[in-house]
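> Contents are PDB, C-alpha atoms; file name entry.pdb:
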ATOM      1  CA  MET A   1      11.062   6.427  14.091
ATOM      2  CA  THR A   2       8.990   8.540  16.465
ATOM      3  CA  SER A   3       5.227   8.292  16.897
ATOM      4  CA  SER A   4       4.717  11.631  15.183
ATOM      5  CA  GLU A   5       6.849  10.549  12.205
ATOM      6  CA  LYS A   6       4.817   7.330  11.867
ATOM      7  CA  TRP A   7       1.549   9.268  11.799
ATOM      8  CA  GLY A   8       3.029  11.640   9.268
ATOM      9  CA  LEU A   9       4.105   8.806   6.976
ATOM     10  CA  ARG A  10       0.741   7.063   7.247
ATOM     11  CA  LEU A  11      -1.205  10.225   6.449
ATOM     12  CA  ARG A  12       1.036  11.158   3.551
ATOM     13  CA  ALA A  13       0.845   7.599   2.169
ATOM     14  CA  PHE A  14      -2.956   7.710   2.456
ATOM     15  CA  ARG A  15      -3.064  11.064   0.695
ATOM     16  CA  MET A  16      -0.797   9.844  -2.119
ATOM     17  CA  ARG A  17      -2.861   6.660  -2.578
ATOM     18  CA  SER A  18      -6.061   8.671  -2.591
ATOM     19  CA  GLN A  19      -4.562  11.332  -4.859
ATOM     20  CA  ILE A  20      -5.884  14.158  -2.720
ATOM     21  CA  LYS A  21      -4.320  17.402  -1.579
ATOM     22  CA  GLN A  22      -3.674  18.383   2.010
ATOM     23  CA  GLU A  23      -6.739  20.646   1.907
ATOM     24  CA  ALA A  24      -9.006  17.670   1.137
ATOM     25  CA  LEU A  25      -7.452  15.600   3.928
ATOM     26  CA  ALA A  26      -7.902  18.548   6.282
ATOM     27  CA  ARG A  27     -11.632  18.620   5.456
ATOM     28  CA  LEU A  28     -11.931  14.859   6.053
ATOM     29  CA  LEU A  29     -10.326  15.215   9.482
ATOM     30  CA  ASP A  30     -11.894  18.580  10.355
ATOM     31  CA  ILE A  31      -8.531  20.289  10.870
ATOM     32  CA  SER A  32      -6.597  22.994   9.037
ATOM     33  CA  GLN A  33      -4.369  22.357   6.029
ATOM     34  CA  ALA A  34      -1.480  23.830   8.013
ATOM     35  CA  TYR A  35      -2.021  21.233  10.745
ATOM     36  CA  VAL A  36      -2.079  18.440   8.137
ATOM     37  CA  SER A  37       1.247  19.759   6.867
ATOM     38  CA  ARG A  38       2.704  19.702  10.377
ATOM     39  CA  LEU A  39       1.337  16.172  10.964
ATOM     40  CA  GLU A  40       2.875  14.896   7.731
ATOM     41  CA  ALA A  41       6.198  16.509   8.629
ATOM     42  CA  GLY A  42       6.160  14.711  11.988
ATOM     43  CA  ALA A  43       6.248  18.043  13.793
ATOM     44  CA  VAL A  44       3.199  17.312  15.985
ATOM     45  CA  ILE A  45       1.523  14.335  17.603
ATOM     46  CA  PRO A  46      -2.239  14.213  17.059
ATOM     47  CA  SER A  47      -4.512  14.508  20.073
ATOM     48  CA  ASP A  48      -6.385  11.403  21.221
ATOM     49  CA  GLU A  49      -9.555  12.712  19.566
ATOM     50  CA  LEU A  50      -7.774  13.369  16.264
ATOM     51  CA  THR A  51      -6.018  10.001  16.492
ATOM     52  CA  ASP A  52      -9.437   8.335  16.713
ATOM     53  CA  ARG A  53     -10.635  10.250  13.629
ATOM     54  CA  ILE A  54      -7.485   9.291  11.710
ATOM     55  CA  LYS A  55      -7.850   5.621  12.682
ATOM     56  CA  THR A  56     -11.505   5.628  11.642
ATOM     57  CA  LEU A  57     -10.575   7.140   8.279
ATOM     58  CA  LEU A  58      -7.704   4.728   7.638
ATOM     59  CA  ARG A  59      -9.674   1.638   8.747
ATOM     60  CA  GLN A  60     -12.290   2.062   6.048
ATOM     61  CA  ARG A  61     -11.686  -0.688   3.510
ATOM     62  CA  LYS A  62     -11.440   1.739   0.595
ATOM     63  CA  ASN A  63      -8.722   3.655   2.461
ATOM     64  CA  ARG A  64      -6.568   0.760   3.602
ATOM     65  CA  PRO A  65      -3.149   0.360   2.018
ATOM     66  CA  LEU A  66      -2.844  -2.271  -0.679
ATOM     67  CA  PHE A  67      -0.015  -3.727   1.378
ATOM     68  CA  ASP A  68      -2.530  -4.698   4.096
ATOM     69  CA  ASP A  69      -4.317  -6.814   1.492
ATOM     70  CA  TRP A  70      -0.980  -8.327   0.470
ATOM     71  CA  ARG A  71      -0.296  -9.279   4.089
ATOM     72  CA  ALA A  72      -3.719 -10.904   4.343
ATOM     73  CA  THR A  73      -3.050 -12.820   1.129
ATOM     74  CA  VAL A  74       0.216 -14.154   2.562
ATOM     75  CA  ARG A  75      -1.418 -15.029   5.897
ATOM     76  CA  HIS A  76      -4.309 -16.995   4.411
ATOM     77  CA  SER A  77      -2.470 -18.554   1.479
ATOM     78  CA  THR A  78      -2.527 -22.287   0.896
ATOM     79  CA  ALA A  79       1.010 -21.883  -0.468
ATOM     80  CA  LEU A  80       4.112 -21.789   1.738
ATOM     81  CA  MET A  81       4.762 -18.040   1.990
ATOM     82  CA  SER A  82       6.364 -15.528   4.300
ATOM     83  CA  LEU A  83       6.946 -11.819   4.553
ATOM     84  CA  ILE A  84       9.936 -10.537   6.549
ATOM     85  CA  ARG A  85      11.599  -7.174   7.079
ATOM     86  CA  LYS A  86      14.675  -5.701   8.666
ATOM     87  CA  ASP A  87      13.740  -3.828  11.815
ATOM     88  CA  GLU A  88      16.233  -2.176  14.151
ATOM     89  CA  GLY A  89      19.088  -4.346  12.900
ATOM     90  CA  ASP A  90      17.217  -7.639  13.216
ATOM     91  CA  ILE A  91      15.270  -9.490  10.553
ATOM     92  CA  ARG A  92      11.749 -10.190  11.740
ATOM     93  CA  VAL A  93       8.658 -12.027  10.598
ATOM     94  CA  VAL A  94       5.807  -9.837   9.402
ATOM     95  CA  GLU A  95       3.520 -12.635   8.162
ATOM     96  CA  ILE A  96       3.686 -16.330   7.451
ATOM     97  CA  SER A  97       1.033 -18.290   5.647
ATOM     98  CA  ASP A  98      -1.225 -20.715   7.420
ATOM     99  CA  ALA A  99       0.249 -23.361   5.107
ATOM    100  CA  LEU A 100       3.841 -22.624   6.200
ATOM    101  CA  ARG A 101       2.734 -22.620   9.817
ATOM    102  CA  ALA A 102       1.227 -26.082   9.262
ATOM    103  CA  ALA A 103       4.301 -27.354   7.377
ATOM    104  CA  SER A 104       6.426 -27.619  10.506
ATOM    105  CA  SER A 105       5.983 -27.520  14.253
ATOM    106  CA  ALA A 106       8.843 -24.997  14.246
ATOM    107  CA  PHE A 107       6.474 -22.344  12.874
ATOM    108  CA  LYS A 108       3.343 -23.176  14.829
ATOM    109  CA  HIS A 109       3.673 -20.303  17.312
ATOM    110  CA  VAL A 110       5.423 -17.734  15.125
ATOM    111  CA  THR A 111       3.951 -14.254  15.486
ATOM    112  CA  GLU A 112       4.630 -10.885  13.939
ATOM    113  CA  GLY A 113       7.951  -9.598  15.219
ATOM    114  CA  THR A 114       9.520 -13.021  15.794
ATOM    115  CA  SER A 115      13.223 -12.841  15.002
ATOM    116  CA  VAL A 116      14.105 -14.941  11.978
ATOM    117  CA  THR A 117      17.289 -16.049  13.762
ATOM    118  CA  THR A 118      15.183 -18.066  16.214
ATOM    119  CA  LEU A 119      13.641 -20.043  13.342
ATOM    120  CA  LEU A 120      16.661 -20.971  11.246
ATOM    121  CA  ALA A 121      19.573 -23.337  11.500
ATOM    122  CA  PRO A 122      22.869 -21.422  11.918
ATOM    123  CA  ASP A 123      23.977 -22.186   8.351
ATOM    124  CA  SER A 124      20.639 -20.887   7.046
ATOM    125  CA  HIS A 125      20.921 -17.737   9.120
ATOM    126  CA  LYS A 126      24.168 -16.950   7.297
ATOM    127  CA  LEU A 127      22.250 -17.017   4.016
ATOM    128  CA  VAL A 128      19.734 -14.486   5.302
ATOM    129  CA  GLU A 129      22.650 -12.280   6.363
ATOM    130  CA  GLU A 130      24.037 -12.699   2.847
ATOM    131  CA  LEU A 131      20.697 -11.602   1.385
ATOM    132  CA  ASP A 132      20.822  -8.533   3.597
ATOM    133  CA  ALA A 133      24.390  -7.760   2.502
ATOM    134  CA  GLU A 134      23.389  -8.157  -1.169
ATOM    135  CA  GLY A 135      20.680  -5.517  -0.730
ATOM    136  CA  ALA A 136      17.505  -7.556  -0.398
ATOM    137  CA  PHE A 137      16.134  -5.117   2.166
ATOM    138  CA  ASP A 138      16.768  -2.012   0.087
ATOM    139  CA  GLY A 139      15.594  -3.219  -3.310
ATOM    140  CA  THR A 140      19.070  -3.657  -4.805
ATOM    141  CA  ILE A 141      18.315  -7.220  -5.866
ATOM    142  CA  ALA A 142      15.449  -8.349  -8.076
ATOM    143  CA  ARG A 143      15.190 -11.825  -6.562
ATOM    144  CA  ALA A 144      17.207 -14.436  -4.743
ATOM    145  CA  ARG A 145      16.980 -18.190  -4.319
ATOM    146  CA  ILE A 146      18.196 -19.911  -1.166
ATOM    147  CA  LEU A 147      17.769 -23.235   0.562
ATOM    148  CA  TRP A 148      17.191 -23.092   4.290
ATOM    149  CA  SER A 149      16.392 -25.271   7.261
ATOM    150  CA  ALA A 150      14.699 -24.889  10.614
ATOM    151  CA  GLY A 151      17.586 -26.910  12.043
ATOM    152  CA  ASP A 152      17.166 -28.075  15.626
ATOM    153  CA  LEU A 153      13.562 -26.910  15.709
ATOM    154  CA  ASP A 154      12.620 -29.455  13.033
ATOM    155  CA  ALA A 155      15.469 -31.251  11.256
ATOM    156  CA  GLU A 156      13.206 -32.312   8.393
ATOM    157  CA  ALA A 157      11.896 -28.797   7.710
ATOM    158  CA  CYS A 158      14.059 -27.899   4.713
ATOM    159  CA  PHE A 159      12.927 -25.499   2.029
ATOM    160  CA  GLU A 160      13.879 -23.764  -1.171
ATOM    161  CA  ALA A 161      12.820 -20.124  -1.100
ATOM    162  CA  ILE A 162      12.375 -17.646  -3.922
ATOM    163  CA  ASN A 163      12.714 -14.201  -2.342
ATOM    164  CA  LEU A 164      11.447 -10.969  -3.866
ATOM    165  CA  PRO A 165      11.962  -7.512  -2.366
ATOM    166  CA  VAL A 166       8.680  -5.570  -2.136
ATOM    167  CA  ARG A 167       7.757  -2.179  -0.696
ATOM    168  CA  ASP A 168       4.805  -1.027   1.316
ATOM    169  CA  ASP A 169       2.943   2.245   0.826
ATOM    170  CA  MET A 170       5.420   4.069   3.042
ATOM    171  CA  GLY A 171       8.454   2.885   1.089
ATOM    172  CA  ARG A 172       9.707   0.285   3.598
ATOM    173  CA  TRP A 173      11.304  -2.807   2.072
ATOM    174  CA  TYR A 174      10.269  -6.384   2.836
ATOM    175  CA  ILE A 175      11.148  -9.782   1.431
ATOM    176  CA  HIS A 176       8.226 -11.800   0.139
ATOM    177  CA  SER A 177       9.208 -15.472  -0.063
ATOM    178  CA  THR A 178       7.572 -18.488  -1.612
ATOM    179  CA  HIS A 179       8.869 -21.751  -0.159
ATOM    180  CA  THR A 180       8.946 -25.301  -1.491
ATOM    181  CA  LYS A 181       9.808 -28.258   0.717
ATOM    182  CA  VAL A 182      13.016 -30.081  -0.204
ATOM    183  CA  SER A 183      14.524 -33.228   1.233
ATOM    184  CA  ARG A 184      17.129 -33.104   3.968
ATOM    185  CA  THR A 185      19.483 -34.886   1.551
ATOM    186  CA  ASP A 186      19.061 -32.184  -1.112
ATOM    187  CA  TYR A 187      19.576 -29.496   1.507
ATOM    188  CA  LYS A 188      22.802 -31.129   2.771
ATOM    189  CA  ARG A 189      24.053 -31.588  -0.798
ATOM    190  CA  TRP A 190      23.401 -27.924  -1.511
ATOM    191  CA  LEU A 191      25.319 -26.904   1.632
ATOM    192  CA  GLN A 192      28.248 -29.149   0.721
ATOM    193  CA  SER A 193      28.485 -27.485  -2.670
ATOM    194  CA  ASN A 194      29.140 -24.231  -0.751
ATOM    195  CA  ALA A 195      26.276 -22.631  -2.608
ATOM    196  CA  GLY A 196      25.333 -19.226  -1.336
ATOM    197  CA  ALA A 197      22.294 -17.239  -2.250
ATOM    198  CA  ASP A 198      21.545 -17.285  -5.975
ATOM    199  CA  VAL A 199      21.003 -13.550  -6.426
ATOM    200  CA  VAL A 200      19.732 -11.587  -9.423
ATOM    201  CA  ILE A 201      20.598  -7.893  -9.194
ATOM    202  CA  ALA A 202      17.820  -5.487 -10.163
TER     203      ALA A 202
END
Take the structure in this file and express it as structure tokens.

Amino acid sequence: MTSSEKWGLRLRAFRMRSQIKQEALARLLDISQAYVSRLEAGAVIPSDELTDRIKTLLRQRKNRPLFDDWRATVRHSTALMSLIRKDEGDIRVVEISDALRAASSAFKHVTEGTSVTTLLAPDSHKLVEELDAEGAFDGTIARARILWSAGDLDAEACFEAINLPVRDDMGRWYIHSTHTKVSRTDYKRWLQSNAGADVVIA
């Protein structure tokens, strides 16, 4: 996605959330309605000055996407939570809760954009691929349950995860997961039963 397309999506999402017409957005940004239309279509890249005005508008708390609040809720949660998304063919971390970060040394230095493959045992990575194939990143499934492990990073870091597809204000799909620690024995038993992802189709 190009820079101009990203600006267009953000402005259109803001306008839809705010339930305003292009004319009203044009007045807020001191530009013409026609230019707003071109911005939303991704046909132009805003000047540095206009970019600053757009950022100022979108940073105001009342104008921020609800999804930003969701991310903050995940980040600061006392529950074991994560938010991941598929990006350019790889599945990447968007947020993990402070509690999940504290649950294992494997997650201590995880940042936004970290590839999930670097955090999971190989057998667990296959389950994430299965979730992807089942449609978790396009909303096809309603929820999925998996057990996963951090593997070599922390052999005792084994979890059950309930995964729910969610969308942001621009229509991009994510997986919001709530994790519960399980014993290594339960994890191994689950693997030996050849259990895959327990998926519920939407």
> Using all atoms listed in the file, pick whichever of A:Asp68, A:Leu191, A:Ile141, A:Asp154 has the shortest atom-to-atom distance to Phe107 in chain A.
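Using all atoms listed in the file, the shortest distance to Phe107 in chain A belongs to A:Asp154.
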> Could you spell out the hits of the PyMOL selection byres ((chain A and resi 197) around 12) on the shown file, as a ChimeraX atom specification?
/A:123-136,141,143-148,160-163,190-191,193-196,198-201
> List as an MDAnalysis selection string: which residues have an atom within 12 Å of (6.7, -27.7, 16.2), counting only C-alpha atoms?
chainID A and resid 100:110 119 150:157
> For the atom pair CA of Cys158 in chain A and CA of Lys181 in chain A, what is the interatomic distance in Å to one decimal place?
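Atom-to-atom, CA of Cys158 in chain A and CA of Lys181 in chain A are spaced 5.8 Å apart.
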> Kindly resolve the PyMOL selection byres ((chain A and resi 70-82) around 10) on the present coordinates and return the residues as a VMD selection string.
chain A and resid 65 to 69 83 to 84 93 to 103 159 161 to 163 168 175 to 181
> Convert the output of the PyMOL selection byres ((chain A and resi 116) around 6) on the shown file into explicit residues, formatted as a PyMOL selection string.
chain A and resi 91-92+115+117-119
> Given the choices A:Ala43, A:Ala121, A:Val166, A:Leu25, which gets closest to Thr140 in chain A if the distance is worked out from only C-alpha atoms?
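Among the listed residues, A:Val166 lies closest to Thr140 in chain A.
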> For each of A:Arg53, A:Pro122, A:Val44, A:Ser18, take the minimum atom-to-atom distance to Asp30 in chain A, counting all atoms listed in the file, then give the residue where this is smallest.
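Comparing A:Arg53, A:Pro122, A:Val44, A:Ser18 against Asp30 in chain A, the winner is A:Arg53.
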> Just the number, please: distance in Å from CA of Ile20 in chain A to CA of Tyr174 in chain A, one decimal.
26.7 Å
> I want to know what sits within 7 Å of range 1-14 of chain A, based on only C-alpha atoms, with residues of the same chain fewer than 2 positions away left out; could you give that as a VMD selection string?
chain A and resid 16 to 18 39 to 45 169 to 170
> Looking at A:Lys21, A:Leu164, A:Ile31, A:Gln60, which one is nearest to Ser47 in chain A, with distances taken over all atoms listed in the file?
A:Ile31
> Let me make sure I understand: among A:Arg15, A:Glu112, A:Ser37, A:Leu29, which one has the smallest atom-to-atom distance to Thr51 in chain A if we use all atoms listed in the file?
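Checking each candidate against Thr51 in chain A, we get A:Leu29 as the closest.
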> Residues within 7 Å of (-4.1, 19.8, 5.2), file coordinates, counting all atoms listed in the file: what are they? Give the list as a list in words.
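Residues close enough to count: Gln22, Glu23, Ala24, Leu25, Ala26, Ser32, Gln33, Ala34, Tyr35, Val36 and Ser37 of chain A.
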> Could you jot down the CA of Lys86 in chain A to CA of Asp138 in chain A separation for me, Å, one decimal place?
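Between these atoms lies a distance of 9.6 Å.
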> Using all atoms listed in the file, which of A:Phe137, A:Arg172, A:Asp186, A:Lys55 sits nearest Ser149 in chain A?
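That would be A:Asp186, the residue with the smallest distance to Ser149 in chain A.
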> Which centre and which edge lengths, in Å to one decimal, describe the axis-aligned box that holds all listed atoms of range 3-7 of chain A after 6 Å is added on each side, as JSON?

{"center_x": 4.2, "center_y": 9.5, "center_z": 14.3, "size_x": 17.3, "size_y": 16.3, "size_z": 17.1}
